[in-house]
$ cat coords06.cif   # mmCIF, C-alpha atoms
data_work
loop_
_atom_site.label_atom_id
_atom_site.label_comp_id
_atom_site.auth_asym_id
_atom_site.auth_seq_id
_atom_site.Cartn_x
_atom_site.Cartn_y
_atom_site.Cartn_z
CA MET A 232 93.06 72.33 95.30
CA THR A 233 93.07 71.37 98.94
CA ALA A 234 92.23 73.99 101.54
CA PRO A 235 95.33 75.76 102.82
CA ASP A 236 96.62 74.72 106.21
CA GLN A 237 96.13 77.80 108.38
CA VAL A 238 99.14 77.04 110.57
CA ALA A 239 101.34 76.72 107.48
CA ARG A 240 99.88 80.02 106.24
CA LEU A 241 100.84 81.77 109.49
CA ARG A 242 104.34 80.25 109.31
CA VAL A 243 104.82 81.86 105.90
CA LEU A 244 103.50 85.19 107.14
CA ALA A 245 105.79 85.09 110.18
CA ALA A 246 108.75 84.44 107.89
CA GLY A 247 107.77 87.39 105.73
CA LEU A 248 107.34 89.68 108.73
CA ARG A 249 110.55 88.37 110.34
CA ALA A 250 108.40 88.07 113.42
CA PRO A 251 110.30 87.86 116.71
CA LEU A 252 107.48 85.81 118.18
CA TYR A 253 106.38 82.65 116.44
CA ALA A 254 105.56 79.31 118.02
CA GLU A 255 103.40 76.25 117.43
CA THR A 256 101.97 73.76 119.87
CA ARG A 257 99.41 70.98 120.11
CA ILE A 258 96.55 71.29 122.57
CA ALA A 259 94.74 68.12 123.57
CA LEU A 260 91.30 69.69 123.21
CA PRO A 261 88.98 69.66 120.18
CA PHE A 262 89.42 72.35 117.55
CA ASP A 263 85.93 73.80 118.12
CA ARG A 264 86.59 74.46 121.80
CA VAL A 265 90.01 75.94 121.21
CA TRP A 266 88.88 78.14 118.35
CA ALA A 267 85.82 79.32 120.28
CA VAL A 268 88.25 80.90 122.75
CA VAL A 269 90.39 82.59 120.11
CA ALA A 270 87.44 83.80 118.06
CA ASP A 271 85.85 85.46 121.10
CA LEU A 272 88.33 88.33 120.90
CA GLU A 273 86.34 90.78 122.99
CA GLY A 274 85.67 88.31 125.79
CA GLU A 275 88.91 86.33 125.78
CA LEU A 276 91.84 88.42 124.50
CA PRO A 277 92.33 90.23 127.85
CA HIS A 278 92.64 86.76 129.45
CA LEU A 279 95.13 85.57 126.83
CA ILE A 280 97.47 88.57 126.62
CA SER A 281 98.55 90.15 129.87
CA PHE A 282 98.95 93.73 128.63
CA VAL A 283 95.53 93.94 126.93
CA ARG A 284 92.90 95.38 129.23
CA GLU A 285 90.06 95.68 126.74
CA PHE A 286 89.48 94.73 123.12
CA ARG A 287 86.26 96.02 121.55
CA VAL A 288 85.08 94.35 118.36
CA PRO A 289 81.94 95.43 116.49
CA PRO A 290 79.30 92.67 116.35
CA GLY A 291 78.59 90.73 113.14
CA ASP A 292 79.96 87.90 111.04
CA SER A 293 82.16 90.02 108.80
CA GLU A 294 85.67 88.65 108.30
CA ARG A 295 87.09 92.18 108.35
CA LYS A 296 86.51 94.33 111.39
CA ALA A 297 87.85 97.50 112.97
CA ALA A 298 88.52 96.89 116.66
CA GLN A 299 89.64 99.16 119.49
CA ALA A 300 92.24 97.99 121.97
CA GLU A 301 93.18 99.43 125.32
CA ASP A 302 96.30 98.32 127.16
CA VAL A 303 96.90 98.15 130.89
CA LEU A 304 98.32 101.68 130.87
CA GLY A 305 95.11 103.00 129.37
CA LEU A 306 96.54 103.63 125.89
CA ARG A 307 94.02 103.05 123.12
CA GLY A 308 94.57 102.14 119.50
CA PRO A 309 92.62 100.91 116.49
CA PHE A 310 93.21 97.42 115.11
CA ASP A 311 92.28 95.97 111.71
CA VAL A 312 91.05 92.45 112.37
CA ARG A 313 90.61 89.56 109.93
CA LEU A 314 88.82 86.67 111.54
CA SER A 315 87.68 83.40 109.98
CA THR A 316 87.63 79.78 111.10
CA GLY A 317 91.16 78.85 112.14
CA TRP A 318 92.57 82.25 111.21
CA CYS A 319 92.92 85.54 113.08
CA LEU A 320 95.13 88.41 111.99
CA MET A 321 95.18 91.70 113.89
CA GLN A 322 97.20 94.75 112.99
CA SER A 323 97.58 98.22 114.46
CA ARG A 324 99.92 101.03 113.47
CA LEU A 325 102.54 99.53 115.77
CA VAL A 326 102.02 95.80 116.15
CA THR A 327 100.80 92.71 114.31
CA MET A 328 99.47 89.54 115.87
CA GLY A 329 98.36 86.36 114.15
CA ILE A 330 96.75 83.21 115.51
CA ALA A 331 96.06 80.08 113.46
CA ALA A 332 94.62 76.69 114.31
CA GLU A 333 94.00 73.38 112.58
CA PRO A 334 92.23 70.24 113.83
CA ASP A 335 94.75 67.51 114.64
CA GLY A 336 92.94 64.25 115.39
CA ALA A 337 91.14 64.78 118.68
CA GLY A 338 93.33 67.78 119.43
CA THR A 339 94.30 71.09 117.87
CA ARG A 340 97.48 72.51 116.39
CA LEU A 341 97.79 76.14 117.40
CA ALA A 342 100.27 78.77 116.23
CA VAL A 343 100.86 82.35 117.32
CA CYS A 344 102.90 85.12 115.77
CA GLY A 345 103.73 88.64 116.94
CA ALA A 346 105.73 91.44 115.39
CA ALA A 347 106.34 95.14 115.79
CA ARG A 348 105.69 97.12 112.60
CA PRO A 349 108.28 99.90 112.42
CA ALA A 350 111.36 98.53 110.68
CA ALA A 351 113.54 100.52 113.07
CA LEU A 352 112.44 98.17 115.84
CA GLY A 353 114.13 95.19 114.16
CA PRO A 354 117.13 95.04 116.56
CA VAL A 355 114.81 95.51 119.55
CA GLN A 356 112.67 92.64 118.29
CA ARG A 357 115.66 90.34 118.09
CA VAL A 358 116.61 91.09 121.69
CA TYR A 359 112.99 90.65 122.75
CA ARG A 360 112.84 87.26 121.02
CA SER A 361 115.93 86.01 122.80
CA LEU A 362 114.85 87.28 126.22
CA LEU A 363 111.09 86.90 126.37
CA GLY A 364 109.84 85.22 123.21
CA LYS A 365 109.48 81.66 124.45
CA ARG A 366 108.05 82.70 127.78
CA ARG A 367 105.39 84.87 126.11
CA THR A 368 104.29 82.23 123.63
CA ARG A 369 104.19 79.49 126.31
CA ALA A 370 102.06 81.73 128.51
CA PHE A 371 99.71 82.39 125.59
CA PHE A 372 99.29 78.69 124.79
CA ARG A 373 98.70 77.85 128.46
CA ALA A 374 96.05 80.57 128.70
CA VAL A 375 94.24 79.35 125.57
CA GLU A 376 94.26 75.78 126.87
CA HIS A 377 93.01 76.89 130.28
CA ARG A 378 90.19 79.01 128.84
CA ALA A 379 89.18 76.27 126.37
CA ALA A 380 89.06 73.70 129.18
CA LEU A 381 86.61 75.95 131.04
CA ARG A 382 84.14 75.92 128.14
CA MET B 168 120.77 88.12 96.97
CA ILE B 169 117.74 88.39 94.77
CA GLN B 170 118.30 88.71 91.08
CA GLU B 171 116.05 90.56 88.73
CA TYR B 172 115.15 88.80 85.54
CA PRO B 173 115.09 90.24 82.04
CA ARG B 174 112.06 92.33 81.17
CA ARG B 175 110.82 89.77 78.64
CA ASP B 176 110.53 87.35 81.56
CA ARG B 177 107.94 89.65 83.11
CA SER B 178 105.24 88.37 80.84
CA PRO B 179 102.37 86.89 82.83
CA PRO B 180 102.80 83.24 83.69
CA ALA B 181 100.53 81.18 81.44
CA THR B 182 98.55 79.75 84.30
CA ALA B 183 98.53 82.69 86.71
CA PRO B 184 95.77 85.03 85.59
CA PRO B 185 92.61 82.89 86.03
CA ALA B 186 93.37 81.88 89.61
CA ALA B 187 94.84 85.21 90.53
CA VAL B 188 91.80 87.05 89.23
CA ALA B 189 89.57 84.62 91.09
CA VAL B 190 91.12 85.68 94.39
CA ARG B 191 89.70 89.07 95.22
CA CYS B 192 91.77 91.67 96.90
CA PRO B 193 90.67 95.14 97.92
CA ALA B 194 92.23 97.18 95.15
CA MET B 195 91.52 94.75 92.34
CA ASP B 196 89.11 95.25 89.43
CA ASP B 197 88.29 92.66 86.81
CA ASP B 198 90.32 94.47 84.17
CA VAL B 199 93.41 94.75 86.35
CA ARG B 200 96.12 92.27 85.41
CA PRO B 201 97.25 90.11 88.34
CA TRP B 202 100.85 91.27 88.24
CA ASP B 203 99.64 94.88 88.33
CA ALA B 204 97.39 94.05 91.28
CA ALA B 205 100.31 92.41 93.05
CA ALA B 206 102.62 95.44 92.82
CA PRO B 207 100.92 97.67 95.45
CA LEU B 208 100.54 94.67 97.74
CA VAL B 209 104.25 93.89 97.32
CA ARG B 210 105.18 97.47 98.24
CA ALA B 211 102.92 97.45 101.31
CA ALA B 212 104.15 94.01 102.38
CA GLN B 213 107.75 95.16 102.05
CA ARG B 214 106.91 97.91 104.56
CA GLY B 215 105.71 95.29 107.04
CA ASP B 216 101.95 95.49 106.38
CA ALA B 217 100.76 92.02 107.43
CA LEU B 218 97.29 92.45 105.90
CA ALA B 219 98.80 93.25 102.50
CA MET B 220 101.18 90.33 102.92
CA ASP B 221 98.25 88.03 103.61
CA ASP B 222 96.43 89.31 100.51
CA LEU B 223 99.57 88.70 98.49
CA LEU B 224 99.86 85.21 99.91
CA LYS B 225 96.27 84.43 98.87
CA LEU B 226 96.90 85.93 95.44
CA VAL B 227 100.00 83.92 94.65
CA THR B 228 99.26 80.58 96.37
CA PRO B 229 97.14 79.10 93.52
CA TYR B 230 99.90 79.86 91.01
CA VAL B 231 102.64 78.42 93.24
CA THR B 232 100.48 75.36 93.91
CA ARG B 233 99.95 74.68 90.20
CA LEU B 234 103.62 75.08 89.40
CA CYS B 235 104.63 72.81 92.30
CA GLY B 236 101.94 70.29 91.32
CA SER B 237 103.64 69.93 87.95
CA ILE B 238 107.26 69.85 89.12
CA ALA B 239 106.88 68.02 92.44
CA PRO B 240 103.63 66.07 92.02
CA ARG B 241 104.40 63.61 94.81
CA ASP B 242 105.35 66.29 97.31
CA THR B 243 103.21 69.19 96.24
CA ALA B 244 102.28 70.33 99.76
CA ASP B 245 105.92 70.38 100.89
CA ALA B 246 107.04 72.11 97.72
CA VAL B 247 104.32 74.77 98.06
CA GLN B 248 105.26 75.47 101.67
CA GLU B 249 109.00 75.64 100.92
CA SER B 250 108.38 77.89 97.93
CA LEU B 251 106.10 80.27 99.79
CA LEU B 252 108.53 80.49 102.70
CA ALA B 253 111.36 81.31 100.30
CA VAL B 254 109.23 83.88 98.47
CA PHE B 255 108.11 85.72 101.59
CA ARG B 256 111.51 85.54 103.30
CA GLY B 257 113.03 87.19 100.27
CA LEU B 258 110.22 89.62 99.51
CA ARG B 259 111.90 92.66 101.06
CA GLY B 260 114.85 92.24 98.71
CA LEU B 261 112.72 92.37 95.55
CA ARG B 262 113.59 95.71 93.97
CA ASP B 263 110.92 95.89 91.26
CA PRO B 264 107.39 94.94 92.44
CA GLN B 265 106.31 94.63 88.78
CA ALA B 266 108.73 91.69 88.49
CA PHE B 267 106.94 89.86 91.30
CA TYR B 268 105.44 87.01 89.27
CA GLY B 269 108.62 86.32 87.31
CA TRP B 270 110.54 86.25 90.55
CA VAL B 271 107.97 83.98 92.25
CA ARG B 272 108.25 81.63 89.31
CA ALA B 273 112.04 81.49 89.62
CA VAL B 274 111.93 80.84 93.37
CA THR B 275 109.15 78.26 93.04
CA VAL B 276 110.88 76.32 90.26
CA ARG B 277 114.08 76.20 92.30
CA GLU B 278 112.33 75.08 95.51
CA ALA B 279 109.97 72.61 93.82
CA ALA B 280 112.84 70.95 91.94
CA ARG B 281 114.83 70.74 95.18
CA VAL B 282 111.90 69.11 97.02
CA ALA B 283 111.24 66.73 94.12
CA ARG B 284 114.88 65.64 94.05
CA ARG B 285 114.65 64.70 97.72
CA THR B 286 112.12 61.98 96.98
CA ALA B 287 113.18 58.42 96.43
CA SER B 288 113.25 56.57 93.13
CA GLU B 289 111.85 57.91 89.90
CA THR B 290 110.29 55.59 87.32
CA PRO B 291 111.18 56.25 83.70
CA ALA B 292 108.13 57.18 81.66
CA ASP B 293 106.75 54.92 78.98
CA PRO B 294 107.11 56.50 75.48
CA GLN B 295 103.44 55.78 74.80
CA GLU B 296 102.50 57.80 77.84
CA ILE B 297 104.84 60.58 76.85
CA GLY B 298 102.84 60.72 73.63
CA ARG B 299 100.00 62.04 75.67
CA LEU B 300 102.08 65.12 76.45
CA ARG B 301 100.17 66.77 73.65
CA ASP B 302 97.51 67.22 76.31
CA LEU B 303 99.91 69.27 78.37
CA LEU B 304 98.21 72.51 77.60
CA PRO B 305 95.83 73.16 80.47
CA GLY B 306 92.09 73.09 79.93
CA ALA B 307 89.65 75.92 80.49
CA GLY B 308 90.21 75.92 84.24
CA GLY B 309 94.00 76.12 83.91
CA GLU B 310 94.37 72.80 85.72
CA LEU B 311 96.18 69.78 84.35
CA THR B 312 94.14 66.61 84.01
CA THR B 313 94.87 63.83 86.48
CA GLU B 314 96.18 61.72 83.62
CA VAL B 315 98.68 64.37 82.54
CA ARG B 316 99.66 65.08 86.12
CA ASP B 317 100.31 61.38 86.63
CA LEU B 318 102.34 61.24 83.45
CA LEU B 319 104.43 64.22 84.49
CA ALA B 320 105.01 62.61 87.86
CA ARG B 321 106.77 59.74 86.12
CA LEU B 322 109.25 61.88 84.26
CA PRO B 323 112.67 62.57 85.79
CA VAL B 324 112.62 65.84 87.74
CA GLN B 325 115.05 67.55 85.38
CA HIS B 326 112.98 66.74 82.29
CA ARG B 327 109.74 67.57 84.07
CA THR B 328 111.03 70.98 85.13
CA VAL B 329 112.16 71.86 81.63
CA LEU B 330 108.90 70.63 80.08
CA VAL B 331 106.79 72.60 82.53
CA LEU B 332 108.71 75.79 81.90
CA ARG B 333 108.72 75.39 78.11
CA GLU B 334 105.27 73.88 77.50
CA LEU B 335 103.17 75.24 80.36
CA GLU B 336 104.90 78.50 81.12
CA GLY B 337 105.84 79.20 77.50
CA LEU B 338 109.36 80.37 78.34
CA ASP B 339 112.14 80.36 75.77
CA GLU B 340 115.25 78.24 76.21
CA ARG B 341 117.46 81.07 77.40
CA THR B 342 115.00 82.11 80.12
CA THR B 343 114.46 78.50 81.13
CA ALA B 344 118.21 78.01 81.41
CA ALA B 345 118.55 81.15 83.56
CA LEU B 346 115.71 80.05 85.81
CA ILE B 347 117.05 76.60 86.59
CA GLY B 348 120.70 77.61 86.55
CA VAL B 349 122.01 75.37 83.77
CA PRO B 350 123.59 76.18 80.38
CA GLU B 351 121.22 76.72 77.46
CA GLY B 352 122.70 73.64 75.79
CA THR B 353 121.64 71.48 78.71
CA VAL B 354 118.07 72.73 78.41
CA LYS B 355 118.15 71.89 74.70
CA SER B 356 119.43 68.36 75.28
CA ARG B 357 116.87 67.66 78.01
CA LEU B 358 114.09 68.94 75.82
CA SER B 359 115.38 66.95 72.90
CA ARG B 360 115.19 63.68 74.83
CA ALA B 361 111.64 64.29 75.98
CA ARG B 362 110.54 65.42 72.51
CA SER B 363 112.17 62.47 70.81
CA SER B 364 110.06 60.11 72.87
CA PHE B 365 107.08 62.35 72.20
CA ARG B 366 107.48 62.15 68.41
CA LYS B 367 107.84 58.35 68.48
CA ALA B 368 104.60 57.95 70.34
CA TRP B 369 102.85 60.64 68.30
CA THR B 370 103.43 58.88 64.98
CA ARG B 371 102.16 55.49 66.18
#
$ encode --input "coords06.cif" --output "structure tokens"
Amino acid sequence: MTAPDQVARLRVLAAGLRAPLYAETRIALPFDRVWAVVADLEGELPHLISFVREFRVPPGDSERKAAQAEDVLGLRGPFDVRLSTGWCLMQSRLVTMGIAAEPDGAGTRLAVCGAARPAALGPVQRVYRSLLGKRRTRAFFRAVEHRAALR
Amino acid sequence: MIQEYPRRDRSPPATAPPAAVAVRCPAMDDDVRPWDAAAPLVRAAQRGDALAMDDLLKLVTPYVTRLCGSIAPRDTADAVQESLLAVFRGLRGLRDPQAFYGWVRAVTVREAARVARRTASETPADPQEIGRLRDLLPGAGGELTTEVRDLLARLPVQHRTVLVLRELEGLDERTTAALIGVPEGTVKSRLSRARSSFRKAWTR
């Protein structure tokens, strides 16, 4: 069996989560450089997502980690993180975020997905998607590209 | 609207257990049947737990891939993606988590047949090659041989779907008919045509 395409895997997950944020793009930089940015969660996530001030991840190669996030308002919360090549899934009590990447010739296909967990937030998510979804995902892709270009 | 299938259809799919057991998930022991292991993941995924959903995706992908490989051999990747999207979009509507595998099978067969029908021309199979259908039963690894896969690829989609469900999945005619949405008589006639060719080649 061929290895699963990580972007396709995230697309399925986003469909299952009915995620208000899901987008794909192609970045004209090699996969290794792009993924090096995403995989460096502690160093890079505050640069990629505007409301994250700090993201602490225990050291080690384990694919499953317990991280601590702090937002710009100073609120802290634990995150379960699954990180492997081309795949990053992070979940707290309130939110889920997924990032997937696949080599695409000399470039990289990148996908991002975000969802709020409580089912009661479904209507809010739909409004959020229509108002801010595209802007958020474009900003994320631009930030990843910018940080990867600096490496 | 998601339908539930009869309880007898909840038997494990013939090819699911080896691959499903091979994929480890946190709450899974060797003696736990895959459809039992799936149930708590289904419940958690229905509540919006993305980690459980990802575990469930890993658990079920090998089974969906094998089924799609048999029904849509020329477009397996597309069929797998369409099937998984349909499964996970509809997951919240599944009332009985224990029926997960039967339901996945129904969704996958429907999506794989739809993808296979989209492809261009189909070449009728040679009766001599159909004779080799006796090899249909998967080997130790649960995978079809390349030869059998190639042979299946040359059958019309409708015959291929019925053969896969009857010979590989071991379903009876009524369940097969319910799964693909045709009368039981139609399943019988499709099977009859394939088997007629099979017998001719077998006796040579």
$ resolve_selection --input "coords06.cif" --expression "the PyMOL selection byres ((chain B) within 6 of (chain A))" --output "short mmCIF file (atom, residue, chain, number, x, y, z; two decimals) with C-alpha atoms, in the coordinates of the input"
data_model
loop_
_atom_site.label_atom_id
_atom_site.label_comp_id
_atom_site.auth_asym_id
_atom_site.auth_seq_id
_atom_site.Cartn_x
_atom_site.Cartn_y
_atom_site.Cartn_z
CA GLY B 215 105.71 95.29 107.04
CA LEU B 252 108.53 80.49 102.70
CA PHE B 255 108.11 85.72 101.59
CA ARG B 256 111.51 85.54 103.30
#
$ resolve_selection --input "coords06.cif" --expression "the PyMOL selection byres ((chain A and resi 374) around 12)" --output "PDB file with C-alpha atoms, keeping the file's coordinate frame"
ATOM      1  CA  ILE A 258      96.550  71.290 122.570  1.00  0.00           C
ATOM      2  CA  VAL A 265      90.010  75.940 121.210  1.00  0.00           C
ATOM      3  CA  VAL A 268      88.250  80.900 122.750  1.00  0.00           C
ATOM      4  CA  VAL A 269      90.390  82.590 120.110  1.00  0.00           C
ATOM      5  CA  GLU A 275      88.910  86.330 125.780  1.00  0.00           C
ATOM      6  CA  LEU A 276      91.840  88.420 124.500  1.00  0.00           C
ATOM      7  CA  PRO A 277      92.330  90.230 127.850  1.00  0.00           C
ATOM      8  CA  HIS A 278      92.640  86.760 129.450  1.00  0.00           C
ATOM      9  CA  LEU A 279      95.130  85.570 126.830  1.00  0.00           C
ATOM     10  CA  ILE A 280      97.470  88.570 126.620  1.00  0.00           C
ATOM     11  CA  SER A 281      98.550  90.150 129.870  1.00  0.00           C
ATOM     12  CA  ARG A 367     105.390  84.870 126.110  1.00  0.00           C
ATOM     13  CA  THR A 368     104.290  82.230 123.630  1.00  0.00           C
ATOM     14  CA  ARG A 369     104.190  79.490 126.310  1.00  0.00           C
ATOM     15  CA  ALA A 370     102.060  81.730 128.510  1.00  0.00           C
ATOM     16  CA  PHE A 371      99.710  82.390 125.590  1.00  0.00           C
ATOM     17  CA  PHE A 372      99.290  78.690 124.790  1.00  0.00           C
ATOM     18  CA  ARG A 373      98.700  77.850 128.460  1.00  0.00           C
ATOM     19  CA  VAL A 375      94.240  79.350 125.570  1.00  0.00           C
ATOM     20  CA  GLU A 376      94.260  75.780 126.870  1.00  0.00           C
ATOM     21  CA  HIS A 377      93.010  76.890 130.280  1.00  0.00           C
ATOM     22  CA  ARG A 378      90.190  79.010 128.840  1.00  0.00           C
ATOM     23  CA  ALA A 379      89.180  76.270 126.370  1.00  0.00           C
ATOM     24  CA  ALA A 380      89.060  73.700 129.180  1.00  0.00           C
ATOM     25  CA  LEU A 381      86.610  75.950 131.040  1.00  0.00           C
TER      26      LEU A 381
END
$ residues_near_point --input "coords06.cif" --point "(87.0, 96.6, 110.1)" --cutoff "9 Å" --atoms "only C-alpha atoms" --output "list in words"
Val288, Pro289, Ser293, Glu294, Arg295, Lys296, Ala297, Ala298, Phe310, Asp311, Val312 and Arg313 of chain A
$ closest_residue --input "coords06.cif" --among "A:Arg264, A:Pro251, A:Arg287, A:Leu314" --to "Glu301 (chain A)" --atoms "only C-alpha atoms"
A:Arg287
$ atom_distance --input "coords06.cif" --atom1 "CA of Gly352 (chain B)" --atom2 "CA of Thr328 (chain B)"
15.2 Å
$ closest_residue --input "coords06.cif" --among "B:Arg285, B:Arg262, B:Arg327, B:Arg277" --to "Ile347 (chain B)" --atoms "all atoms listed in the file"
B:Arg277
$ resolve_selection --input "coords06.cif" --expression "the PyMOL selection byres ((chain B and resi 224) around 12)" --output "PyMOL selection string"
(chain A and resi 235+237+239-247) or (chain B and resi 187+190-192+205+208-209+212+217-223+225-232+247-248+250-252+254-255+258+271)
$ residues_near_point --input "coords06.cif" --point "(94.7, 94.4, 120.5)" --cutoff "7 Å" --atoms "only C-alpha atoms" --output "JSON, numbers by chain"
{"A": [283, 286, 300, 310]}
$ residues_around --input "coords06.cif" --residues "Asp339 (chain B)" --least-positions-apart "5" --cutoff "12 Å" --atoms "all atoms listed in the file" --output "PyMOL selection string"
chain B and resi 175-176+178+329-334+344-346+351+354-355+358
$ decode --input "coords06.cif" --residues "region 248-283 of chain B" --atoms "C-alpha atoms" --output "JSON list (two decimals), in the first residue's frame"
[["chain", "number", "residue", "atom", "x", "y", "z"],
["B", 248, "GLN", "CA", -10.33, 9.60, -0.76],
["B", 249, "GLU", "CA", -13.99, 9.90, -1.80],
["B", 250, "SER", "CA", -14.94, 7.00, 0.46],
["B", 251, "LEU", "CA", -13.10, 8.34, 3.49],
["B", 252, "LEU", "CA", -14.58, 11.81, 2.98],
["B", 253, "ALA", "CA", -18.07, 10.31, 2.81],
["B", 254, "VAL", "CA", -17.43, 8.16, 5.89],
["B", 255, "PHE", "CA", -16.12, 10.98, 8.05],
["B", 256, "ARG", "CA", -18.69, 13.53, 6.83],
["B", 257, "GLY", "CA", -21.42, 11.13, 7.85],
["B", 258, "LEU", "CA", -19.83, 9.82, 11.04],
["B", 259, "ARG", "CA", -21.88, 11.96, 13.42],
["B", 260, "GLY", "CA", -25.07, 10.46, 12.03],
["B", 261, "LEU", "CA", -24.05, 6.86, 12.77],
["B", 262, "ARG", "CA", -26.32, 5.81, 15.62],
["B", 263, "ASP", "CA", -24.68, 2.50, 16.58],
["B", 264, "PRO", "CA", -20.86, 2.63, 16.82],
["B", 265, "GLN", "CA", -20.78, -1.20, 16.79],
["B", 266, "ALA", "CA", -22.15, -1.03, 13.23],
["B", 267, "PHE", "CA", -19.18, 1.06, 12.13],
["B", 268, "TYR", "CA", -17.49, -1.48, 9.86],
["B", 269, "GLY", "CA", -20.70, -2.56, 8.15],
["B", 270, "TRP", "CA", -21.54, 1.06, 7.55],
["B", 271, "VAL", "CA", -18.03, 1.85, 6.24],
["B", 272, "ARG", "CA", -18.36, -1.06, 3.87],
["B", 273, "ALA", "CA", -21.68, 0.24, 2.54],
["B", 274, "VAL", "CA", -20.35, 3.77, 2.04],
["B", 275, "THR", "CA", -17.11, 2.54, 0.46],
["B", 276, "VAL", "CA", -18.84, 0.20, -1.98],
["B", 277, "ARG", "CA", -21.15, 3.00, -3.07],
["B", 278, "GLU", "CA", -18.33, 5.54, -3.51],
["B", 279, "ALA", "CA", -15.88, 3.12, -5.13],
["B", 280, "ALA", "CA", -18.49, 1.97, -7.66],
["B", 281, "ARG", "CA", -19.35, 5.60, -8.42],
["B", 282, "VAL", "CA", -15.67, 6.48, -9.00],
["B", 283, "ALA", "CA", -15.12, 3.34, -11.10]]
